[in-house]
Amino acid sequence: MKEHARRERIDRGIKARSDDVYALLSYREMLYLIFPRVVPVVGLAILAYFLPLYWKKVVIQACIFAMLSISWDFLSSCGMLSLGQALFFGIGSYIAGSLNHFFNIPVFLTIPIATLVGGLFSTILLLPVIRLRGIYFAMVTLILPLMLMRMIEATKILGGTEGITSLSPLPNIWVEIVLSMGGMWFVLFSLRRFISSDYGLIFVSIRDNDRAAMASGINIYSFKAQALFIGSSVCAFCGAFLTHAYMFTGMPVFALDYSILPIAASAIGGIGTLAGSLVGALILVPLSEYLREFSTLRIVFYGLILVICVVALPEGIFHYASRKYTQIERWVKVE
Amino acid sequence: MLIYALINSAILALMALGFNLTFGISGVANFTYGAIYVGAGFMTWTFINIFHLPYPISAILTILIIGISGVYIYRLVLKRIRGLTISEVIATFGIGLVILELLRYIGFIGFNYSLRPFVKGSIEILGTYVDIQRILIIVFGIFLIFLLYLFTHHTKVGLAFRGIAQEEHTSLSLGINPDRIASYSMGMGSALGAFSAIAILPLGTITVDGGYDVLINALSVCIVGGLGSTFGVIIASFIIGFAQTLTAMYLSPHWVMIVSLLAILVILALKPSGLLGHQKELEERV
């Protein structure tokens, strides 16, 4: 008989003890909890401080894409598979851009207004199709930004093909870094906390089994609309922010990049944890920037890396790392 | 003008058939399709102009090679992530991206990359001159649909195709290996893509960017017609083909894309499975 073995996974003792906040016994246990949260926050801040200007811009961009990915992951945890983060992003960008250009509203007002109004607008826009599930909802969100783009091209409103240029910039690079990075960590930690609260549990239950949620007397349409508002507000903030950072808004804000990259980042980082999407975005954006040296071959490498990651590590980097961090693995003989 | 609309519809139907076959049977949305279409065009061009093979042989060789590579894309990549929709989409999209951009890098850009029409010349129908190539496309389209019908209803593999499309677990219990059949369907879908490329591309030049357009067109036809329904694809390609030609005539070319996108949107909002899709009311909305 051939001997068979299987891999057994057991939670580390320290994880079992520190799962419950009341049972923290030692500094070691506190460190165990704090370490994976503080190190990335502090590390990224220090890194951004010492990098040259060009790479500072890359860090900002990575933070923005991380927010888009987190928002995508949040929507997908609520059962709404979106292929069109560009829609929310573009709406936020256009609102901020036109407020600034046509009404001369200063930056520190346009960004919050665009965040809220953009979220509201996207939610109302998608309200008629909120009943659709899975791939059908995804297709609608994929089509809408493409269509808005063509509409702007055909009707020539809001600057038409040229877009709106020479918007007022943000004061300086430090404000940009603090705003994007702070926004990113705020979105990550608050959404993680939110989704593990009792209220957030309802959102996850809609993804897991919407009909059971309905049968429990929950109005899932209202909850879906709320999730949509939260997710799209985050994206609208990103759009408004980048609009002012680049001092430009135009048709490219509805481009596929803003829809595809967040999904790719989440798939590489690990879906369903929010933190995974952040990890994925922080890897992918600098990588694509680094590959710029290879000119046209850049996209080839990029595509290859995506395929290899998805096939070789389907669970995602974050799931893999957190398993190593919290569990002991050993081989056990199967009788 | 109506004739051109008709031809436009036939072109759309040919483009969409391969995509539709793969999706309908294995449930894999094959986003590599655009790359396969363009790749087939360049491959035929290479066979003809560099290896100096005769036209029919190079066409058949291309269809065979593309078909086999479709099977291997499934075996090597998609088999491992089957069922994870997002991973499937990313993987196929990534492979398509790699192929298209690699072609661009190698330098297949320019106007001299075009295929010769099968038969030169044009004839007059109802007062408009039409190339024979365009007529051939309609003939090929009808022929292909007929062949596909015969294949799926009267051969063993074809019946297995329909088996796993309808109920994968039951067909497993009847001795059909879903992975093998799905890889065949991927191969056949790719071969159909190559075939349509060889038939359609002589109308213009082969460009890398054409691959993305083909993908969008195929997707829109399939959505409107109902994913996985061959008859739906035919009807949808007529609707979209006529709508596109008419808007290009009466409005401006800018609005062509908007009309087809609007068609998709309305269909998705009202009847998500498409005009003739299988009614799975519970799967598509709550």
# chains A, B, ... in the order shown; residues from 1 in each chain; ligands from 1

$ interface_residues --of "chain A" --to "chain B" --cutoff "9 Å" --atoms "only C-alpha atoms" --output "ChimeraX atom specification"
/A:128-137,139-140,143-144,146-148,150-151,153-154,210-211,260,263-264,267,296-308,310-312,314

$ write_last_selection --atoms "C-alpha atoms" --output "mmCIF file, in the first residue's frame"
data_model
loop_
_atom_site.group_PDB
_atom_site.id
_atom_site.type_symbol
_atom_site.label_atom_id
_atom_site.label_comp_id
_atom_site.auth_asym_id
_atom_site.auth_seq_id
_atom_site.Cartn_x
_atom_site.Cartn_y
_atom_site.Cartn_z
ATOM 1 C CA PRO A 128 -33.200 50.136 -11.885
ATOM 2 C CA VAL A 129 -30.858 47.188 -12.330
ATOM 3 C CA ILE A 130 -30.231 46.486 -8.665
ATOM 4 C CA ARG A 131 -32.330 43.343 -8.932
ATOM 5 C CA LEU A 132 -29.955 41.757 -11.420
ATOM 6 C CA ARG A 133 -27.543 39.179 -10.107
ATOM 7 C CA GLY A 134 -24.012 38.023 -10.785
ATOM 8 C CA ILE A 135 -22.762 38.238 -14.334
ATOM 9 C CA TYR A 136 -25.777 40.234 -15.562
ATOM 10 C CA PHE A 137 -25.164 43.061 -13.121
ATOM 11 C CA MET A 139 -22.313 43.358 -17.779
ATOM 12 C CA VAL A 140 -24.476 46.416 -17.090
ATOM 13 C CA ILE A 143 -21.431 48.774 -20.594
ATOM 14 C CA LEU A 144 -22.413 51.986 -18.762
ATOM 15 C CA LEU A 146 -18.379 52.858 -22.313
ATOM 16 C CA MET A 147 -21.720 54.375 -23.166
ATOM 17 C CA LEU A 148 -21.222 57.556 -21.148
ATOM 18 C CA ARG A 150 -19.500 57.684 -26.341
ATOM 19 C CA MET A 151 -22.291 60.040 -25.231
ATOM 20 C CA GLU A 153 -17.997 62.151 -27.570
ATOM 21 C CA ALA A 154 -21.188 62.425 -29.624
ATOM 22 C CA ASP A 210 -29.985 36.537 -1.058
ATOM 23 C CA ARG A 211 -33.193 34.573 -0.992
ATOM 24 C CA ILE A 260 -9.798 46.138 -14.985
ATOM 25 C CA ILE A 263 -10.333 43.476 -10.350
ATOM 26 C CA ALA A 264 -6.887 42.186 -11.232
ATOM 27 C CA ALA A 267 -7.775 38.595 -7.764
ATOM 28 C CA THR A 296 5.372 47.803 -25.861
ATOM 29 C CA LEU A 297 6.404 44.573 -24.198
ATOM 30 C CA ARG A 298 5.113 46.055 -20.934
ATOM 31 C CA ILE A 299 1.564 44.903 -21.483
ATOM 32 C CA VAL A 300 2.780 41.458 -22.522
ATOM 33 C CA PHE A 301 4.647 40.977 -19.225
ATOM 34 C CA TYR A 302 1.719 42.437 -17.363
ATOM 35 C CA GLY A 303 -0.723 40.003 -18.915
ATOM 36 C CA LEU A 304 1.629 37.089 -18.288
ATOM 37 C CA ILE A 305 2.035 37.977 -14.617
ATOM 38 C CA LEU A 306 -1.724 38.223 -14.237
ATOM 39 C CA VAL A 307 -2.320 34.823 -15.806
ATOM 40 C CA ILE A 308 0.447 33.139 -13.818
ATOM 41 C CA VAL A 310 -4.347 33.673 -11.125
ATOM 42 C CA VAL A 311 -3.490 30.116 -12.138
ATOM 43 C CA ALA A 312 -0.739 29.385 -9.625
ATOM 44 C CA PRO A 314 -5.937 31.179 -7.079
#

$ residues_around --residues "range 19-22 of chain B" --least-positions-apart "6" --cutoff "9 Å" --atoms "only C-alpha atoms" --output "number ranges by chain"
B: 28-31, 33, 182, 185-190, 192-193, 215, 218-219, 222, 227-230, 233

$ write_last_selection --atoms "C-alpha atoms" --output "mmCIF file, in the first residue's frame"
data_model
loop_
_atom_site.group_PDB
_atom_site.id
_atom_site.type_symbol
_atom_site.label_atom_id
_atom_site.label_comp_id
_atom_site.auth_asym_id
_atom_site.auth_seq_id
_atom_site.Cartn_x
_atom_site.Cartn_y
_atom_site.Cartn_z
ATOM 1 C CA VAL B 28 -16.265 29.985 -20.064
ATOM 2 C CA ALA B 29 -16.501 33.543 -21.351
ATOM 3 C CA ASN B 30 -13.618 33.346 -23.786
ATOM 4 C CA PHE B 31 -12.100 36.832 -23.781
ATOM 5 C CA TYR B 33 -11.525 35.507 -28.762
ATOM 6 C CA ALA B 182 -15.214 21.589 -22.559
ATOM 7 C CA SER B 185 -15.713 23.168 -27.236
ATOM 8 C CA MET B 186 -13.003 25.730 -26.573
ATOM 9 C CA GLY B 187 -11.033 24.311 -29.518
ATOM 10 C CA MET B 188 -14.056 24.395 -31.800
ATOM 11 C CA GLY B 189 -14.947 27.915 -30.703
ATOM 12 C CA SER B 190 -11.421 29.036 -31.522
ATOM 13 C CA LEU B 192 -14.778 28.980 -35.708
ATOM 14 C CA GLY B 193 -13.147 32.271 -34.789
ATOM 15 C CA LEU B 215 -14.557 41.090 -28.894
ATOM 16 C CA ALA B 218 -19.240 39.371 -30.378
ATOM 17 C CA LEU B 219 -20.120 40.111 -26.775
ATOM 18 C CA CYS B 222 -24.303 37.231 -27.661
ATOM 19 C CA LEU B 227 -25.776 33.663 -24.145
ATOM 20 C CA GLY B 228 -25.502 30.127 -25.403
ATOM 21 C CA SER B 229 -28.370 30.201 -27.873
ATOM 22 C CA THR B 230 -27.345 29.810 -31.520
ATOM 23 C CA VAL B 233 -27.296 34.903 -32.028
#

$ atom_distance --atom1 "CA of Met247 in chain A" --atom2 "CA of Val279 in chain A"
27.8 Å

$ closest_residue --among "A:His244, A:Lys224, A:Lys333, A:Arg37" --to "Leu81 in chain A" --atoms "only C-alpha atoms"
A:Lys224

$ select_by_dssp --residues "range 2-211 of chain B" --states "strand (DSSP E or B)" --output "compact mmCIF listing (two decimals) with C-alpha atoms, in the first residue's frame"
# COMPACT_ATOMS: atom_id res chain seq x y z
CA SER B 122 -18.50 42.35 -57.81
CA ILE B 123 -22.03 41.85 -59.01
CA GLU B 124 -25.11 44.01 -59.06
CA ILE B 125 -28.06 43.17 -56.82
CA THR B 128 -26.14 48.19 -55.64
CA TYR B 129 -22.76 46.73 -56.40
CA VAL B 130 -21.61 44.09 -53.93
CA ASP B 131 -18.26 42.28 -53.81

$ closest_residue --among "A:Ser322, A:Ser180, A:Ser77, A:Gln85" --to "Asn209 in chain A" --atoms "only C-alpha atoms"
A:Ser77

$ closest_residue --among "A:Pro145, A:Pro36, A:Gly239, A:Gly217" --to "Ala96 in chain A" --atoms "only C-alpha atoms"
A:Gly239

$ residues_around --residues "Ala227 in chain A" --least-positions-apart "2" --cutoff "9 Å" --atoms "only C-alpha atoms" --output "PyMOL selection string"
chain A and resi 74-75+78+80+203+222-225+229-232

$ write_last_selection --atoms "C-alpha atoms" --output "compact mmCIF listing (two decimals), in the first residue's frame"
# COMPACT_ATOMS: atom_id res chain seq x y z
CA PHE A 74 -16.56 45.59 -0.77
CA LEU A 75 -19.18 45.57 -3.52
CA CYS A 78 -22.20 42.43 -0.88
CA MET A 80 -22.58 42.89 -6.53
CA PHE A 203 -24.41 42.67 3.46
CA SER A 222 -32.34 48.88 0.45
CA PHE A 223 -29.18 47.19 1.73
CA LYS A 224 -27.82 46.73 -1.78
CA ALA A 225 -28.45 50.42 -2.48
CA PHE A 229 -23.60 54.17 -2.21
CA ILE A 230 -20.65 53.37 0.04
CA GLY A 231 -18.68 51.66 -2.71
CA SER A 232 -19.32 54.28 -5.35

$ closest_residue --among "B:Arg75, B:Arg82, B:His169, B:Arg162" --to "Tyr149 in chain B" --atoms "only C-alpha atoms"
B:Arg162

$ residues_around --residues "Asn177 in chain B" --least-positions-apart "5" --cutoff "12 Å" --atoms "only C-alpha atoms" --output "ChimeraX atom specification"
/B:26,157,160-161,163-164,168-172,182-184

$ closest_residue --among "A:Ser233, A:Ser18, A:Gln61, A:Ser205" --to "Val117 in chain A" --atoms "only C-alpha atoms"
A:Ser233
